[in-house]
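Visitor: For reference, the file upload.txt (compact mmCIF, C-alpha atoms) is included below:
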# COMPACT_ATOMS: atom_id res chain seq x y z
CA MET A 611 -99.51 20.88 -80.62
CA ILE A 612 -102.90 20.11 -79.02
CA LYS A 613 -102.38 23.04 -76.61
CA ASN A 614 -101.74 25.38 -79.56
CA PHE A 615 -104.84 24.07 -81.30
CA PHE A 616 -107.02 24.82 -78.26
CA ILE A 617 -105.56 28.31 -77.89
CA LEU A 618 -106.34 28.96 -81.57
CA LEU A 619 -109.86 27.60 -81.07
CA ILE A 620 -110.49 29.89 -78.09
CA VAL A 621 -109.15 32.94 -79.93
CA THR A 622 -111.30 32.13 -82.99
CA THR A 623 -114.40 31.66 -80.82
CA LEU A 624 -113.75 35.00 -79.14
CA PHE A 625 -113.42 36.74 -82.51
CA VAL A 626 -116.61 35.15 -83.83
CA SER A 627 -118.63 36.04 -80.73
CA CYS A 628 -117.26 39.61 -80.75
CA GLY A 629 -118.21 39.87 -84.42
CA GLU A 630 -121.78 38.72 -83.73
CA GLU A 631 -122.13 41.13 -80.83
CA SER A 632 -120.89 44.09 -82.85
CA GLU A 633 -123.22 43.15 -85.73
CA VAL A 634 -126.23 43.27 -83.39
CA LYS A 635 -124.99 46.59 -82.01
CA GLU A 636 -124.58 48.01 -85.53
CA ASN A 637 -128.09 46.90 -86.54
CA GLU A 638 -129.51 48.55 -83.43
CA GLN A 639 -127.62 51.75 -84.21
CA LEU A 640 -128.88 51.71 -87.80
CA THR A 641 -132.47 51.32 -86.63
CA ASN A 642 -132.06 54.14 -84.10
CA ILE A 643 -130.63 56.51 -86.68
CA LYS A 644 -133.38 55.64 -89.19
CA GLU A 645 -135.98 56.38 -86.51
CA GLN A 646 -134.26 59.66 -85.71
CA ILE A 647 -134.26 60.67 -89.37
CA GLN A 648 -137.94 59.79 -89.67
CA TYR A 649 -138.65 61.78 -86.49
CA TYR A 650 -137.10 64.90 -88.04
CA ARG A 651 -139.11 64.39 -91.25
CA ASP A 652 -142.35 63.96 -89.31
CA SER A 653 -141.62 66.97 -87.09
CA MET A 654 -140.97 69.23 -90.09
CA LYS A 655 -144.07 67.93 -91.85
CA THR A 656 -146.28 68.46 -88.79
CA ALA A 657 -144.92 71.97 -88.18
CA GLY A 658 -145.10 72.83 -91.89
CA ILE A 659 -141.45 73.94 -92.03
CA ASP A 660 -138.64 73.00 -94.39
CA HIS A 661 -135.81 72.93 -91.85
CA ILE A 662 -135.04 72.64 -88.16
CA SER A 663 -132.27 74.77 -86.67
CA PHE A 664 -130.04 73.71 -83.83
CA TYR A 665 -128.02 76.34 -82.06
CA SER A 666 -124.80 75.88 -80.17
CA LEU A 667 -122.00 78.06 -78.83
CA GLU A 668 -118.43 78.44 -79.98
CA TYR A 669 -116.57 78.87 -76.72
CA VAL A 670 -114.84 82.15 -75.92
CA SER A 671 -114.58 82.10 -72.11
CA HIS A 672 -116.46 81.09 -68.99
CA THR A 673 -116.83 81.95 -65.33
CA GLU A 674 -117.91 79.56 -62.62
CA ASN A 675 -120.91 80.82 -60.66
CA THR A 676 -121.38 80.78 -56.94
CA GLU A 677 -124.89 81.00 -55.46
CA GLN A 678 -124.40 84.72 -54.63
CA GLU A 679 -123.21 85.46 -58.16
CA ASN A 680 -126.30 83.77 -59.55
CA ASN A 681 -128.52 86.21 -57.69
CA ASP A 682 -126.38 89.12 -58.91
CA ILE A 683 -126.70 87.88 -62.48
CA ILE A 684 -130.47 87.94 -62.27
CA LYS A 685 -130.38 91.49 -60.89
CA LYS A 686 -127.95 92.67 -63.58
CA ASP A 687 -130.07 90.92 -66.17
CA SER A 688 -133.01 93.19 -65.59
CA ILE A 689 -130.90 96.37 -65.48
CA ALA A 690 -128.43 96.21 -68.33
CA GLU A 691 -129.63 94.92 -71.69
CA GLU A 692 -126.12 94.72 -73.20
CA ASN A 693 -124.90 92.66 -70.24
CA THR A 694 -127.73 90.16 -70.50
CA ILE A 695 -126.97 86.65 -69.43
CA PHE A 696 -129.43 84.28 -71.07
CA THR A 697 -130.84 81.23 -69.39
CA LEU A 698 -130.97 78.16 -71.63
CA GLY A 699 -134.73 78.57 -72.02
CA GLU A 700 -134.23 82.10 -73.30
CA PHE A 701 -131.28 81.03 -75.44
CA ASN A 702 -133.34 78.43 -77.27
CA SER A 703 -135.96 80.98 -78.21
CA VAL A 704 -133.68 83.91 -79.15
CA ALA A 705 -130.57 82.15 -80.52
CA GLY A 706 -131.73 82.64 -84.11
CA ASP A 707 -131.36 86.41 -83.69
CA TYR A 708 -127.79 86.12 -82.42
CA VAL A 709 -126.16 83.80 -85.00
CA GLY A 710 -122.51 84.88 -85.38
CA LYS A 711 -122.75 87.17 -82.35
CA GLU A 712 -121.21 86.84 -78.92
CA ILE A 713 -123.57 86.24 -76.00
CA LYS A 714 -123.52 84.90 -72.45
CA VAL A 715 -125.50 81.83 -71.39
CA VAL A 716 -125.77 80.31 -67.94
CA GLY A 717 -126.22 76.59 -67.26
CA ILE A 718 -124.90 73.50 -65.52
CA VAL A 719 -122.20 71.40 -67.18
CA ASP A 720 -123.81 67.97 -67.62
CA HIS A 721 -120.83 66.22 -69.22
CA LEU A 722 -117.79 66.68 -71.43
CA CYS A 723 -117.16 64.87 -74.69
CA LYS A 724 -115.19 61.75 -73.81
CA HIS A 725 -113.20 61.91 -77.05
CA GLY A 726 -111.18 64.94 -76.09
CA GLY A 727 -113.11 67.09 -73.69
CA LYS A 728 -113.51 69.89 -76.23
CA LYS A 729 -117.31 69.79 -76.25
CA LEU A 730 -119.61 70.20 -73.28
CA LEU A 731 -123.33 69.90 -72.74
CA LEU A 732 -124.79 72.84 -70.86
CA VAL A 733 -128.12 72.02 -69.23
CA SER A 734 -130.89 73.45 -67.10
CA ASP A 735 -134.53 72.65 -66.34
CA GLU A 736 -135.47 74.62 -69.45
CA GLY A 737 -133.23 73.07 -72.08
CA ASP A 738 -129.69 72.35 -73.18
CA THR A 739 -127.07 73.33 -75.70
CA HIS A 740 -123.60 72.25 -76.77
CA VAL A 741 -120.52 74.40 -76.33
CA TYR A 742 -117.55 73.72 -78.61
CA ALA A 743 -114.00 74.82 -77.81
CA LYS A 744 -110.59 74.60 -79.44
CA ASN A 745 -108.95 73.44 -76.22
CA ARG A 746 -110.18 70.83 -73.79
CA PHE A 747 -112.36 71.77 -70.83
CA GLU A 748 -111.34 70.82 -67.32
CA ASP A 749 -113.06 67.69 -65.98
CA LYS A 750 -113.86 69.40 -62.69
CA LEU A 751 -116.38 71.63 -64.51
CA VAL A 752 -118.86 68.73 -64.66
CA GLY A 753 -121.73 69.51 -62.31
CA SER A 754 -120.79 73.19 -61.91
CA GLU A 755 -122.95 76.09 -62.92
CA ILE A 756 -121.08 78.33 -65.31
CA THR A 757 -121.69 81.40 -67.45
CA VAL A 758 -120.34 80.77 -70.92
CA THR A 759 -119.43 83.57 -73.27
CA GLY A 760 -119.63 82.23 -76.79
CA ILE A 761 -120.52 82.88 -80.40
CA VAL A 762 -123.86 81.48 -81.52
CA THR A 763 -123.64 78.97 -84.38
CA GLU A 764 -126.49 77.39 -86.30
CA ASP A 765 -126.85 73.88 -87.74
CA ARG A 766 -129.74 73.38 -90.13
CA ILE A 767 -131.43 70.08 -90.71
CA ASP A 768 -133.40 70.00 -93.95
CA GLU A 769 -134.41 67.33 -96.47
CA ALA A 770 -131.05 67.48 -98.30
CA TYR A 771 -129.22 67.01 -95.00
CA LEU A 772 -131.44 64.06 -94.05
CA LEU A 773 -130.97 62.38 -97.44
CA LYS A 774 -127.18 62.72 -97.18
CA TRP A 775 -127.26 61.40 -93.61
CA GLU A 776 -129.40 58.43 -94.66
CA GLU A 777 -127.10 57.64 -97.59
CA ASP A 778 -123.95 57.85 -95.44
CA VAL A 779 -125.39 55.60 -92.75
CA ILE A 780 -126.58 52.98 -95.24
CA ASN A 781 -123.27 53.04 -97.12
CA LYS A 782 -121.33 52.64 -93.90
CA HIS A 783 -123.57 49.80 -92.79
CA ASN A 784 -123.26 48.02 -96.16
CA SER A 785 -119.48 48.32 -96.17
CA ASN A 786 -119.40 46.86 -92.64
CA ASP A 787 -121.60 44.00 -93.82
CA GLU A 788 -119.22 43.28 -96.70
CA THR A 789 -116.26 43.29 -94.32
CA ASN A 790 -118.06 40.88 -91.98
CA GLU A 791 -118.92 38.57 -94.88
CA THR A 792 -115.29 38.64 -96.06
CA ASP A 793 -114.17 37.83 -92.52
CA GLU A 794 -116.59 34.90 -92.34
CA ASN A 795 -115.39 33.55 -95.69
CA MET B 1235 -71.25 54.03 -94.39
CA LYS B 1236 -69.31 53.01 -91.29
CA LYS B 1237 -69.77 56.50 -89.86
CA ILE B 1238 -73.52 56.49 -90.62
CA ARG B 1239 -73.88 53.10 -88.92
CA LYS B 1240 -71.91 54.28 -85.89
CA TRP B 1241 -73.97 57.45 -85.45
CA SER B 1242 -77.23 55.66 -86.15
CA ARG B 1243 -76.43 53.24 -83.36
CA ILE B 1244 -75.44 55.99 -80.90
CA LEU B 1245 -78.40 58.25 -81.64
CA HIS B 1246 -80.89 55.37 -81.90
CA ARG B 1247 -79.80 54.15 -78.48
CA ASP B 1248 -79.76 57.53 -76.70
CA ILE B 1249 -82.89 58.99 -78.30
CA GLY B 1250 -84.58 55.64 -77.71
CA PHE B 1251 -83.74 55.80 -74.01
CA PHE B 1252 -84.90 59.38 -73.77
CA PHE B 1253 -88.30 58.66 -75.29
CA ILE B 1254 -89.10 55.42 -73.44
CA GLY B 1255 -91.50 57.37 -71.20
CA ALA B 1256 -93.29 59.08 -74.10
CA THR B 1257 -93.53 55.78 -75.99
CA ILE B 1258 -95.25 54.12 -73.04
CA ILE B 1259 -97.58 57.12 -72.59
CA TYR B 1260 -98.71 57.09 -76.23
CA SER B 1261 -98.92 53.32 -76.59
CA LEU B 1262 -100.93 52.82 -73.40
CA SER B 1263 -103.29 55.68 -74.19
CA GLY B 1264 -103.47 54.51 -77.80
CA ILE B 1265 -104.81 51.13 -76.70
CA ALA B 1266 -107.16 52.77 -74.19
CA LEU B 1267 -108.59 55.23 -76.69
CA ASN B 1268 -108.87 52.61 -79.46
CA HIS B 1269 -111.57 50.98 -77.36
CA LEU B 1270 -113.64 54.03 -76.44
CA ASN B 1271 -116.80 52.20 -77.41
CA ASP B 1272 -116.05 49.31 -75.08
CA TRP B 1273 -115.05 51.09 -71.89
CA ASN B 1274 -114.53 54.43 -70.21
CA PRO B 1275 -110.76 54.80 -70.44
CA ASN B 1276 -110.54 57.61 -67.87
CA TYR B 1277 -112.84 56.47 -65.09
CA THR B 1278 -114.08 53.29 -63.49
CA VAL B 1279 -117.84 53.48 -63.22
CA SER B 1280 -119.82 51.77 -60.50
CA ILE B 1281 -123.59 52.00 -60.25
CA LYS B 1282 -125.73 51.59 -57.15
CA ASP B 1283 -129.54 51.39 -57.17
CA PHE B 1284 -131.54 52.92 -54.34
CA LYS B 1285 -135.06 53.85 -53.36
CA SER B 1286 -135.99 56.81 -51.18
CA LYS B 1287 -139.15 58.25 -49.68
CA ILE B 1288 -137.81 61.82 -49.72
CA ASP B 1289 -139.96 64.14 -51.81
CA LEU B 1290 -137.87 65.44 -54.70
CA HIS B 1291 -140.62 67.15 -56.67
CA LYS B 1292 -139.66 70.64 -57.77
CA SER B 1293 -140.42 73.00 -54.88
CA GLU B 1294 -138.85 75.62 -52.64
CA ASN B 1295 -137.37 72.86 -50.52
CA THR B 1296 -135.84 70.85 -53.34
CA LYS B 1297 -132.24 71.62 -52.42
CA GLU B 1298 -132.84 70.82 -48.76
CA ASN B 1299 -134.45 67.52 -49.75
CA VAL B 1300 -131.65 66.70 -52.16
CA LEU B 1301 -129.14 67.17 -49.34
CA LYS B 1302 -131.23 64.87 -47.13
CA LEU B 1303 -131.20 62.26 -49.87
CA LEU B 1304 -127.44 62.57 -50.26
CA ASP B 1305 -127.02 61.97 -46.55
CA GLU B 1306 -128.97 58.76 -47.06
CA ILE B 1307 -127.15 57.47 -50.10
CA ASP B 1308 -123.77 59.21 -50.09
CA ASP B 1309 -122.65 62.41 -48.32
CA LYS B 1310 -124.24 65.82 -48.60
CA LYS B 1311 -120.77 67.41 -48.67
CA ASN B 1312 -120.41 66.00 -52.19
CA TYR B 1313 -123.38 68.00 -53.53
CA LYS B 1314 -122.66 70.31 -56.48
CA LYS B 1315 -125.86 71.09 -58.37
CA HIS B 1316 -129.11 69.54 -59.55
CA TYR B 1317 -131.60 69.99 -62.37
CA TYR B 1318 -134.64 68.33 -63.91
CA PRO B 1319 -133.85 66.84 -67.34
CA GLN B 1320 -137.49 65.67 -67.48
CA ARG B 1321 -140.51 66.71 -65.44
CA ASN B 1322 -140.33 63.65 -63.20
CA VAL B 1323 -136.58 63.07 -63.21
CA ILE B 1324 -133.96 64.89 -61.17
CA LYS B 1325 -130.23 64.67 -61.80
CA ILE B 1326 -127.91 65.50 -58.93
CA PHE B 1327 -124.25 66.29 -59.61
CA LEU B 1328 -121.67 65.26 -57.05
CA SER B 1329 -118.04 66.21 -56.70
CA GLY B 1330 -115.54 64.13 -58.65
CA GLY B 1331 -117.85 63.78 -61.66
CA SER B 1332 -120.27 61.34 -59.96
CA SER B 1333 -124.02 61.85 -60.26
CA ALA B 1334 -127.38 60.47 -59.20
CA VAL B 1335 -130.59 60.26 -61.21
CA VAL B 1336 -133.91 59.82 -59.39
CA ASP B 1337 -137.45 59.25 -60.60
CA VAL B 1338 -139.31 61.72 -58.37
CA GLU B 1339 -142.59 59.82 -58.71
CA THR B 1340 -141.35 56.41 -57.57
CA GLY B 1341 -138.30 57.49 -55.56
CA GLU B 1342 -136.21 54.92 -57.43
CA GLY B 1343 -132.78 56.07 -58.45
CA GLN B 1344 -129.28 55.20 -59.49
CA ILE B 1345 -126.05 56.71 -58.31
CA GLU B 1346 -123.07 56.52 -60.62
CA TYR B 1347 -119.69 56.76 -58.96
CA LEU B 1348 -116.74 57.75 -61.10
CA LYS B 1349 -113.21 57.04 -59.99
CA LYS B 1350 -110.18 58.09 -61.99
CA ARG B 1351 -108.33 55.12 -63.49
CA LEU B 1352 -104.77 55.20 -62.23
CA VAL B 1353 -102.19 55.80 -64.99
CA PHE B 1354 -104.78 55.62 -67.79
CA TYR B 1355 -106.39 58.92 -66.77
CA GLU B 1356 -103.02 60.67 -66.84
CA VAL B 1357 -101.74 59.14 -70.10
CA ASN B 1358 -105.06 59.81 -71.87
CA TYR B 1359 -104.94 63.39 -70.64
CA LEU B 1360 -101.51 63.85 -72.22
CA HIS B 1361 -102.54 62.04 -75.42
CA TYR B 1362 -105.08 64.76 -76.18
CA ASN B 1363 -102.46 67.54 -76.25
CA PRO B 1364 -103.63 69.43 -73.17
CA GLN B 1365 -101.53 72.50 -73.82
CA TYR B 1366 -99.04 74.33 -76.05
CA TRP B 1367 -95.74 73.01 -74.66
CA TRP B 1368 -96.91 69.41 -74.63
CA THR B 1369 -97.83 69.79 -78.29
CA TRP B 1370 -94.23 70.79 -78.97
CA PHE B 1371 -92.87 67.89 -76.93
CA SER B 1372 -95.14 65.39 -78.66
CA ASP B 1373 -94.21 66.78 -82.10
CA ILE B 1374 -90.54 66.28 -81.26
CA PHE B 1375 -91.37 62.76 -80.07
CA ALA B 1376 -93.15 62.03 -83.36
CA GLY B 1377 -90.11 63.31 -85.29
CA ALA B 1378 -87.87 61.16 -83.11
CA LEU B 1379 -89.96 58.07 -83.93
CA ILE B 1380 -89.36 58.71 -87.63
CA PHE B 1381 -85.65 59.05 -86.90
CA LEU B 1382 -85.65 55.83 -84.85
CA ALA B 1383 -87.36 53.98 -87.71
CA LEU B 1384 -84.93 55.26 -90.34
CA SER B 1385 -81.81 54.85 -88.22
CA ALA B 1386 -82.81 51.24 -87.55
CA LEU B 1387 -82.15 50.56 -91.24
CA PHE B 1388 -78.44 51.21 -90.77
CA ILE B 1389 -77.73 49.64 -87.41
CA VAL B 1390 -77.48 45.97 -88.32
CA ARG B 1391 -75.64 44.77 -91.37
CA GLY B 1392 -75.42 41.40 -93.05
CA ARG B 1393 -78.01 38.64 -93.19
CA LYS B 1394 -80.09 40.05 -90.34
CA GLY B 1395 -79.96 43.63 -91.56
CA ALA B 1396 -82.24 45.70 -93.78
CA TRP B 1397 -80.94 43.92 -96.90
CA GLY B 1398 -81.53 40.47 -95.40
CA ARG B 1399 -84.14 39.11 -93.03
CA GLY B 1400 -84.79 42.60 -91.64
CA GLY B 1401 -85.90 43.67 -95.11
CA ILE B 1402 -88.66 41.03 -95.09
CA TYR B 1403 -89.98 42.41 -91.82
CA ILE B 1404 -89.82 45.96 -93.18
CA ALA B 1405 -91.77 44.91 -96.28
CA LEU B 1406 -94.39 43.10 -94.18
CA GLY B 1407 -94.79 46.11 -91.90
CA ILE B 1408 -95.48 48.28 -94.93
CA ILE B 1409 -97.65 45.77 -96.82
CA ILE B 1410 -100.03 45.10 -93.90
CA PRO B 1411 -101.27 48.72 -93.58
CA ILE B 1412 -101.56 48.89 -97.38
CA LEU B 1413 -103.71 45.74 -97.38
CA PHE B 1414 -105.93 47.30 -94.73
CA LEU B 1415 -106.25 50.39 -96.89
CA ILE B 1416 -107.16 48.32 -99.95
CA PHE B 1417 -109.67 46.02 -98.29
CA LEU B 1418 -111.22 48.32 -95.71
CA ASN B 1419 -111.40 51.56 -97.64
Would you mind giving the structure from this file in structure tokens?

Guide:
Amino acid sequence: MIKNFFILLIVTTLFVSCGEESEVKENEQLTNIKEQIQYYRDSMKTAGIDHISFYSLEYVSHTENTEQENNDIIKKDSIAEENTIFTLGEFNSVAGDYVGKEIKVVGIVDHLCKHGGKKLLLVSDEGDTHVYAKNRFEDKLVGSEITVTGIVTEDRIDEAYLLKWEEDVINKHNSNDETNETDEN
Amino acid sequence: MKKIRKWSRILHRDIGFFFIGATIIYSLSGIALNHLNDWNPNYTVSIKDFKSKIDLHKSENTKENVLKLLDEIDDKKNYKKHYYPQRNVIKIFLSGGSSAVVDVETGEGQIEYLKKRLVFYEVNYLHYNPQYWWTWFSDIFAGALIFLALSALFIVRGRKGAWGRGGIYIALGIIIPILFLIFLN
């Protein structure tokens, strides 16, 4: 009987401490998101614009680059306009002109989405972009330089988007609070 | 009814045997992926701090210097690529998904070694439907689970069957998810 009581006590303590830890984590997340939202607002205000666009690629295919191929790409780049392979720096400045169109972008795979490997972050010294696919990418791509063929997609962040984001985050946080209170009671 | 009970028992037993492997795959990966925020279910991660005097500022000799650094802290054979996510930070990708990040001003860095988790890596890989034929197999498995649940209703008769004590368990198993839906939604 006493043994059972102690086991129950330990389990309860674990639950309570886990709950406290996750509450702190949630509060931190909420603060971070609020700061992020404010950052977007400030950036738009400073730049005098009503939205910020983020561009990404919908994956079509890719090739892994060797060092020799990289040199060839640069040569081809200057010769054939239609065969242009954009660096990430170029991509970030011209993506707006290619929304819905297929282009090629070269970069290093920084990491894959851990939830299913269907999203990767392509990086270089000049910038980064996300590539989304229907099927999962191979893990071994991480750290490789690849040329991605993909369709440019645009995500716009404007005041309406920020308000909705803010509302969703606060609602989610409040509902978690209620759940925690119910648990405590 | 006798015939239904007989065939339920036979099919429940044989299909149950056949899908023991798939059940373990999905239950193990289910637990692993339920806790994505608490751990990396695919890899064990170990981090090592280091400090180096090798100059890693962006220059013509960067790659050469990166290889020198790798010889100091790991093995230059593992080198894949590098880039500068910030002006004074270099990230070096190593084979197997590992990577090192170094502050080029102070020479202080961290190397993160990734090692595939035995069993978990493989079951998580399958959980995310890696390809067409696995999707078919897992759909059949899901259908079989429904069959196993329904056939279980007919296997045992009497006090311990679905119309007796078993019925209480069935009701509880249905009520609990409903309660979650009511109180968490």

Visitor: Ranking B:Thr1257, B:Asn1358, B:Asn1363, B:Ser1332 by minimum distance to Pro1275 (chain B) and counting all atoms listed in the file, which one comes first?

Guide: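 Among B:Thr1257, B:Asn1358, B:Asn1363, B:Ser1332, it is B:Asn1358 that comes nearest to Pro1275 (chain B).
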
Visitor: Residues of chain A within 7 Å of chain B, counting only C-alpha atoms, what are they? List them as JSON, numbers by chain.

Guide: {"A": [726, 734, 735, 746, 750, 752, 753, 754]}

Visitor: Dump C-alpha atoms for the selected residues as a PDB file, keeping the file's coordinate frame?

Guide:
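Saved the output as part18.pdb:
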ATOM      1  CA  GLY A 726    -111.180  64.940 -76.090  1.00  0.00           C
ATOM      2  CA  SER A 734    -130.890  73.450 -67.100  1.00  0.00           C
ATOM      3  CA  ASP A 735    -134.530  72.650 -66.340  1.00  0.00           C
ATOM      4  CA  ARG A 746    -110.180  70.830 -73.790  1.00  0.00           C
ATOM      5  CA  LYS A 750    -113.860  69.400 -62.690  1.00  0.00           C
ATOM      6  CA  VAL A 752    -118.860  68.730 -64.660  1.00  0.00           C
ATOM      7  CA  GLY A 753    -121.730  69.510 -62.310  1.00  0.00           C
ATOM      8  CA  SER A 754    -120.790  73.190 -61.910  1.00  0.00           C
TER       9      SER A 754
END

Visitor: So which residues touch Glu748 (chain A) within 10 Å, counting only C-alpha atoms, skipping near sequence neighbours fewer than 3 positions away, as number ranges by chain?

Guide: A: 722, 727-728, 745, 751-752; B: 1364

Visitor: Skip Ser1242 (chain B) itself and residues of its chain fewer than 2 positions away, then list as a JSON list (two decimals) with C-alpha atoms, in the frame of the given file all residues within 8 Å of it, counting only C-alpha atoms.

Guide:
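Wrote around.json, looks like this:
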[["chain", "number", "residue", "atom", "x", "y", "z"],
["B", 1238, "ILE", "CA", -73.52, 56.49, -90.62],
["B", 1239, "ARG", "CA", -73.88, 53.10, -88.92],
["B", 1240, "LYS", "CA", -71.91, 54.28, -85.89],
["B", 1244, "ILE", "CA", -75.44, 55.99, -80.90],
["B", 1245, "LEU", "CA", -78.40, 58.25, -81.64],
["B", 1246, "HIS", "CA", -80.89, 55.37, -81.90],
["B", 1385, "SER", "CA", -81.81, 54.85, -88.22],
["B", 1386, "ALA", "CA", -82.81, 51.24, -87.55],
["B", 1388, "PHE", "CA", -78.44, 51.21, -90.77],
["B", 1389, "ILE", "CA", -77.73, 49.64, -87.41]]

Visitor: So the first atom is CA of Ala1334 (chain B) and the second is CA of Lys1292 (chain B); what is the distance between them in Å, to one decimal place?

Guide: 16.0 Å

Visitor: Taking 2 positions as the minimum chain separation for residues in the same chain, which residues sit within 9 Å of Tyr665 (chain A) when counting all atoms listed in the file? Answer as a list in words.

Guide: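 Contacts, with the query itself left out: Ser663, Leu667, Phe701, Asn702, Ala705, Gly706, Val709, Thr739, His740, Val762, Thr763, Glu764, Asp765 and Arg766 of chain A.
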
Visitor: May I ask for the distance between CA of Lys714 (chain A) and CA of Tyr742 (chain A), given in Å to one decimal place?

Guide: 14.1 Å

Visitor: What separation in Å, quoted to one decimal, exists between CA of Phe1284 (chain B) and CA of Ile1307 (chain B)?

Guide: 7.6 Å

Visitor: For Arg1351 (chain B), list every protein, DNA or RNA residue within 7 Å, evaluated using only C-alpha atoms, and leave out those in the same chain fewer than 3 positions away; present the list as a list of chain:residue names.

Guide: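 Non-adjacent residues within range: B:Asn1276, B:Tyr1277, B:Thr1278, B:Phe1354, B:Tyr1355.
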
Visitor: Near region 1335-1344 of chain B, counting all atoms listed in the file, which residues have an atom at most 7 Å away, once you skip same-chain residues fewer than 3 positions from it, shown as a PDB file with C-alpha atoms, in the coordinates of the input?

Guide:
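selection.pdb, written as the output of this step:
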ATOM      1  CA  ILE B1281    -123.590  52.000 -60.250  1.00  0.00           C
ATOM      2  CA  LYS B1282    -125.730  51.590 -57.150  1.00  0.00           C
ATOM      3  CA  ASP B1283    -129.540  51.390 -57.170  1.00  0.00           C
ATOM      4  CA  PHE B1284    -131.540  52.920 -54.340  1.00  0.00           C
ATOM      5  CA  LYS B1285    -135.060  53.850 -53.360  1.00  0.00           C
ATOM      6  CA  SER B1286    -135.990  56.810 -51.180  1.00  0.00           C
ATOM      7  CA  LYS B1287    -139.150  58.250 -49.680  1.00  0.00           C
ATOM      8  CA  LEU B1290    -137.870  65.440 -54.700  1.00  0.00           C
ATOM      9  CA  HIS B1291    -140.620  67.150 -56.670  1.00  0.00           C
ATOM     10  CA  ASN B1322    -140.330  63.650 -63.200  1.00  0.00           C
ATOM     11  CA  VAL B1323    -136.580  63.070 -63.210  1.00  0.00           C
ATOM     12  CA  ILE B1324    -133.960  64.890 -61.170  1.00  0.00           C
ATOM     13  CA  LYS B1325    -130.230  64.670 -61.800  1.00  0.00           C
ATOM     14  CA  ILE B1326    -127.910  65.500 -58.930  1.00  0.00           C
TER      15      ILE B1326
END

Visitor: Of the candidates A:Ile780, A:Glu668, A:Thr759, A:Ala770, which shows the shortest atom-to-atom distance to Ile695 (chain A), using only C-alpha atoms?

Guide: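 Ranked by minimum distance to Ile695 (chain A), first place goes to A:Thr759.
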
Visitor: Pick out the closest residue to Asp720 (chain A) from this set: A:Asp707, A:Ile767, A:Glu755, A:Gly760. Count only C-alpha atoms.

Guide: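 For Asp720 (chain A), the nearest of the given residues is A:Glu755.
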
Visitor: With all atoms listed in the file as the basis for distance, which of A:Ser666, A:Gln648, A:Thr757, A:Asn675 is at the shortest distance from Phe696 (chain A)?

Guide: A:Thr757

Visitor: Save region 1332-1343 of chain B to a file: N, CA and C atoms, as a compact mmCIF listing (two decimals), in the first residue's frame.

Guide:
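For reference, selection-v5.txt as written:
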# COMPACT_ATOMS: atom_id res chain seq x y z
N SER B 1332 26.38 15.43 -39.83
CA SER B 1332 27.01 16.21 -38.76
C SER B 1332 27.46 17.56 -39.30
N SER B 1333 27.73 18.50 -38.38
CA SER B 1333 28.16 19.83 -38.84
C SER B 1333 28.91 20.55 -37.72
N ALA B 1334 29.68 21.55 -38.11
CA ALA B 1334 30.40 22.36 -37.13
C ALA B 1334 30.11 23.83 -37.40
N VAL B 1335 29.98 24.60 -36.35
CA VAL B 1335 29.75 26.04 -36.48
C VAL B 1335 30.87 26.74 -35.72
N VAL B 1336 31.54 27.69 -36.38
CA VAL B 1336 32.69 28.35 -35.75
C VAL B 1336 32.54 29.87 -35.85
N ASP B 1337 32.82 30.54 -34.74
CA ASP B 1337 32.91 31.99 -34.74
C ASP B 1337 34.30 32.34 -35.27
N VAL B 1338 34.37 32.96 -36.45
CA VAL B 1338 35.67 33.16 -37.08
C VAL B 1338 36.50 34.23 -36.36
N GLU B 1339 35.85 35.05 -35.54
CA GLU B 1339 36.59 36.08 -34.81
C GLU B 1339 37.31 35.49 -33.60
N THR B 1340 36.59 34.64 -32.85
CA THR B 1340 37.17 34.10 -31.62
C THR B 1340 37.79 32.72 -31.82
N GLY B 1341 37.39 32.03 -32.88
CA GLY B 1341 37.89 30.67 -33.11
C GLY B 1341 37.14 29.63 -32.29
N GLU B 1342 36.13 30.10 -31.53
CA GLU B 1342 35.36 29.15 -30.72
C GLU B 1342 34.28 28.49 -31.57
N GLY B 1343 34.12 27.21 -31.38
CA GLY B 1343 33.12 26.52 -32.20
C GLY B 1343 32.52 25.32 -31.51
